[in-house]
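Report on one structure; see the data block that follows.
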Amino acid sequence: MDLIKAIEEKQTRAFTTQFKVGDTVKVYFKIIEGKTERVQVYEGIVLCMKNAGARKTFTVRKESYGVGVERVFPMNSPRIVKVEIVRAGKVRKSKLYYLRDKIGKDKKVKELLGGEIATFVAEQNKAAEAAARAEAAKADAANAANNA
């Protein structure tokens, strides 16, 4: 069991943005086509987050030309460039599958307002600073190992 945890720790990466279910996000995903690379932006609402550790995934749903499209992203994928929160949502469920059946305005999720959003942004900034420090320490350790 310790071996599995050690391998998962190496594969997990710290996210600079802490988002949650109900948030509307833009996922910047790197697509490799032959020798060319491009970044595709996928914007939608986070329906769910599953699993933990290196296997953690999140599902993003959007409407494209009147058709609902869902995409599952591995949280620790090196192809995710960044995740940007467009709108912080306020929900009481951990899985928003009921949005699949809704039409029009019923699909809307309440937005965090006032003091709630200030608290959320403060927590997000603290998490981003901690993640940046962890990434910097990881890079310093890798450089020290390469130089030695």
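Order determines the names: the first chain of the structure tokens is A, the second B, and so forth; residues in each chain are numbered 1 upward, and ligands are numbered 1 upward as they are shown.
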
Counting only C-alpha atoms, which residues of stretch 79-107 of chain A sit at most 12 Å from some atom of stretch 2-15 of chain A, and what is each one's closest atom pair with its distance in Å to one decimal, listed by chain and rising residue number, as CSV?
```
residue,atom,partner,partner_atom,distance
A:Arg79,CA,A:Arg13,CA,11.8
A:Ile80,CA,A:Phe15,CA,10.0
A:Val81,CA,A:Phe15,CA,10.1
A:Lys82,CA,A:Phe15,CA,8.1
A:Val83,CA,A:Phe15,CA,8.2
A:Glu84,CA,A:Phe15,CA,10.7
```

Those residues you just picked out, can you put them in a file as a PDB file, in the first residue's frame with N, CA, C and O atoms?
```pdb
ATOM      1  N   ARG A  79      -1.661  17.626 -19.596  1.00  0.00           N
ATOM      2  CA  ARG A  79      -2.192  18.375 -20.738  1.00  0.00           C
ATOM      3  C   ARG A  79      -3.091  19.533 -20.324  1.00  0.00           C
ATOM      4  O   ARG A  79      -3.410  20.377 -21.149  1.00  0.00           O
ATOM      5  N   ILE A  80      -3.505  19.572 -19.066  1.00  0.00           N
ATOM      6  CA  ILE A  80      -4.286  20.716 -18.599  1.00  0.00           C
ATOM      7  C   ILE A  80      -3.315  21.846 -18.305  1.00  0.00           C
ATOM      8  O   ILE A  80      -2.469  21.745 -17.422  1.00  0.00           O
ATOM      9  N   VAL A  81      -3.427  22.930 -19.075  1.00  0.00           N
ATOM     10  CA  VAL A  81      -2.546  24.078 -18.899  1.00  0.00           C
ATOM     11  C   VAL A  81      -2.974  24.860 -17.672  1.00  0.00           C
ATOM     12  O   VAL A  81      -2.174  25.154 -16.790  1.00  0.00           O
ATOM     13  N   LYS A  82      -4.272  25.211 -17.606  1.00  0.00           N
ATOM     14  CA  LYS A  82      -4.807  25.892 -16.427  1.00  0.00           C
ATOM     15  C   LYS A  82      -6.313  25.767 -16.407  1.00  0.00           C
ATOM     16  O   LYS A  82      -6.944  25.459 -17.421  1.00  0.00           O
ATOM     17  N   VAL A  83      -6.877  26.019 -15.232  1.00  0.00           N
ATOM     18  CA  VAL A  83      -8.319  26.043 -15.054  1.00  0.00           C
ATOM     19  C   VAL A  83      -8.658  27.407 -14.471  1.00  0.00           C
ATOM     20  O   VAL A  83      -8.116  27.802 -13.449  1.00  0.00           O
ATOM     21  N   GLU A  84      -9.552  28.118 -15.141  1.00  0.00           N
ATOM     22  CA  GLU A  84      -9.905  29.473 -14.743  1.00  0.00           C
ATOM     23  C   GLU A  84     -11.372  29.500 -14.326  1.00  0.00           C
ATOM     24  O   GLU A  84     -12.232  29.000 -15.051  1.00  0.00           O
TER      25      GLU A  84
END
```

- [ ] Could you give me the residues within chain A that DSSP places in helix (DSSP H, G or I), as a ChimeraX atom specification?
- [x] /A:2-11,53-55,97-101,104-107,114-147

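Going from atom CA of A:Asn51 over to atom CA of A:Ile32, you cover 26.5 Å.
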
Task: One-decimal distance in Å that lies between atom CA of A:Lys138 and atom CA of A:Ile31 - done: 25.5 Å

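Relative to atom CA of A:Ser94, atom CA of A:Phe19 is found at 12.7 Å.
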
- [ ] Compile the contact shell of A:Val46 as a ChimeraX atom specification: residues with an atom at most 8 Å away, counting only C-alpha atoms, same-chain residues fewer than 2 positions apart removed.
- [x] /A:20-25,44,48-49,58-61

Write to file, as a CSV table (one decimal), in the first residue's frame, the residues of the selection just made, with all heavy atoms.
```
chain,number,residue,atom,x,y,z
A,20,LYS,N,-14.8,24.1,-7.4
A,20,LYS,CA,-15.6,23.1,-6.8
A,20,LYS,C,-16.8,22.8,-7.8
A,20,LYS,O,-17.0,23.5,-8.8
A,20,LYS,CB,-16.1,23.5,-5.5
A,20,LYS,CG,-16.8,24.8,-5.4
A,20,LYS,CD,-17.0,25.3,-4.0
A,20,LYS,CE,-17.8,26.5,-3.8
A,20,LYS,NZ,-18.0,27.4,-4.9
A,21,VAL,N,-17.6,21.9,-7.4
A,21,VAL,CA,-18.8,21.5,-8.1
A,21,VAL,C,-19.8,22.7,-8.2
A,21,VAL,O,-20.0,23.4,-7.1
A,21,VAL,CB,-19.5,20.3,-7.5
A,21,VAL,CG1,-20.9,20.0,-8.2
A,21,VAL,CG2,-18.6,19.1,-7.6
A,22,GLY,N,-20.3,23.0,-9.3
A,22,GLY,CA,-21.2,24.2,-9.5
A,22,GLY,C,-20.6,25.4,-10.1
A,22,GLY,O,-21.3,26.3,-10.5
A,23,ASP,N,-19.3,25.4,-10.1
A,23,ASP,CA,-18.5,26.6,-10.6
A,23,ASP,C,-18.6,26.5,-12.2
A,23,ASP,O,-18.5,25.4,-12.7
A,23,ASP,CB,-17.1,26.6,-10.2
A,23,ASP,CG,-16.9,26.9,-8.7
A,23,ASP,OD1,-17.9,27.3,-8.1
A,23,ASP,OD2,-15.8,26.8,-8.2
A,24,THR,N,-18.6,27.6,-12.8
A,24,THR,CA,-18.4,27.7,-14.3
A,24,THR,C,-17.0,27.9,-14.5
A,24,THR,O,-16.4,28.9,-14.0
A,24,THR,CB,-19.3,28.8,-14.9
A,24,THR,OG1,-20.7,28.6,-14.5
A,24,THR,CG2,-19.1,28.8,-16.4
A,25,VAL,N,-16.3,27.1,-15.3
A,25,VAL,CA,-14.9,27.1,-15.4
A,25,VAL,C,-14.5,27.1,-16.9
A,25,VAL,O,-15.2,26.7,-17.8
A,25,VAL,CB,-14.1,26.0,-14.7
A,25,VAL,CG1,-14.3,26.0,-13.2
A,25,VAL,CG2,-14.6,24.6,-15.3
A,44,GLY,N,-17.6,25.5,-19.3
A,44,GLY,CA,-18.8,24.9,-18.9
A,44,GLY,C,-18.9,24.8,-17.4
A,44,GLY,O,-18.1,25.3,-16.6
A,48,CYS,N,-19.4,17.3,-11.5
A,48,CYS,CA,-19.0,16.4,-10.5
A,48,CYS,C,-17.5,16.2,-10.4
A,48,CYS,O,-16.8,16.6,-11.3
A,48,CYS,CB,-19.7,15.0,-10.6
A,48,CYS,SG,-19.0,14.1,-12.1
A,49,MET,N,-17.1,15.8,-9.2
A,49,MET,CA,-15.7,15.4,-9.0
A,49,MET,C,-15.7,14.0,-8.4
A,49,MET,O,-16.4,13.7,-7.5
A,49,MET,CB,-15.0,16.4,-8.1
A,49,MET,CG,-14.8,17.7,-8.6
A,49,MET,SD,-13.8,18.7,-7.5
A,49,MET,CE,-13.5,20.1,-8.5
A,58,PHE,N,-12.8,15.4,-13.0
A,58,PHE,CA,-13.9,16.3,-12.9
A,58,PHE,C,-14.6,16.3,-14.2
A,58,PHE,O,-14.0,16.2,-15.3
A,58,PHE,CB,-13.5,17.7,-12.4
A,58,PHE,CG,-12.6,18.4,-13.3
A,58,PHE,CD1,-13.0,19.4,-14.1
A,58,PHE,CD2,-11.2,18.2,-13.2
A,58,PHE,CE1,-12.1,20.1,-14.9
A,58,PHE,CE2,-10.3,18.9,-14.0
A,58,PHE,CZ,-10.8,19.9,-14.8
A,59,THR,N,-15.9,16.5,-14.2
A,59,THR,CA,-16.7,16.5,-15.4
A,59,THR,C,-17.2,17.9,-15.7
A,59,THR,O,-17.8,18.5,-14.7
A,59,THR,CB,-17.9,15.5,-15.3
A,59,THR,OG1,-17.4,14.2,-15.0
A,59,THR,CG2,-18.7,15.5,-16.6
A,60,VAL,N,-17.1,18.4,-16.9
A,60,VAL,CA,-17.5,19.7,-17.3
A,60,VAL,C,-18.6,19.6,-18.4
A,60,VAL,O,-18.4,18.8,-19.3
A,60,VAL,CB,-16.4,20.6,-17.8
A,60,VAL,CG1,-16.8,22.0,-18.1
A,60,VAL,CG2,-15.3,20.7,-16.7
A,61,ARG,N,-19.7,20.3,-18.2
A,61,ARG,CA,-20.8,20.2,-19.2
A,61,ARG,C,-21.1,21.6,-19.8
A,61,ARG,O,-21.1,22.6,-19.1
A,61,ARG,CB,-22.1,19.7,-18.5
A,61,ARG,CG,-23.3,19.6,-19.4
A,61,ARG,CD,-24.5,19.2,-18.7
A,61,ARG,NE,-25.7,19.2,-19.5
A,61,ARG,CZ,-26.0,18.2,-20.3
A,61,ARG,NH1,-25.3,17.1,-20.4
A,61,ARG,NH2,-27.1,18.2,-21.1
```

Open item on the list: So that I can check the secondary structure, give me every residue of stretch 7-67 of chain A assigned strand (DSSP E) by backbone DSSP, as a PyMOL selection string.
Closed with: chain A and resi 24-33+36-50+57-64+67

Open item on the list: With distances taken over only C-alpha atoms, which residue among A:Ile103, A:Ala52, A:Val27, A:Val109 lies nearest A:Phe73?
Closed with: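 Among the listed residues, A:Val27 lies closest to A:Phe73.
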
Open item on the list: Here is a test: counting only C-alpha atoms, which residue of A:Ser77, A:Leu112, A:Lys35, A:Gly68 is nearest to A:Ala54?
Closed with: A:Ser77

- [ ] Name the closest residue to A:Tyr97 among the candidates A:Ala137, A:Leu47, A:Ile85, A:Val67; distances are taken between atoms, counting only C-alpha atoms.
- [x] A:Leu47
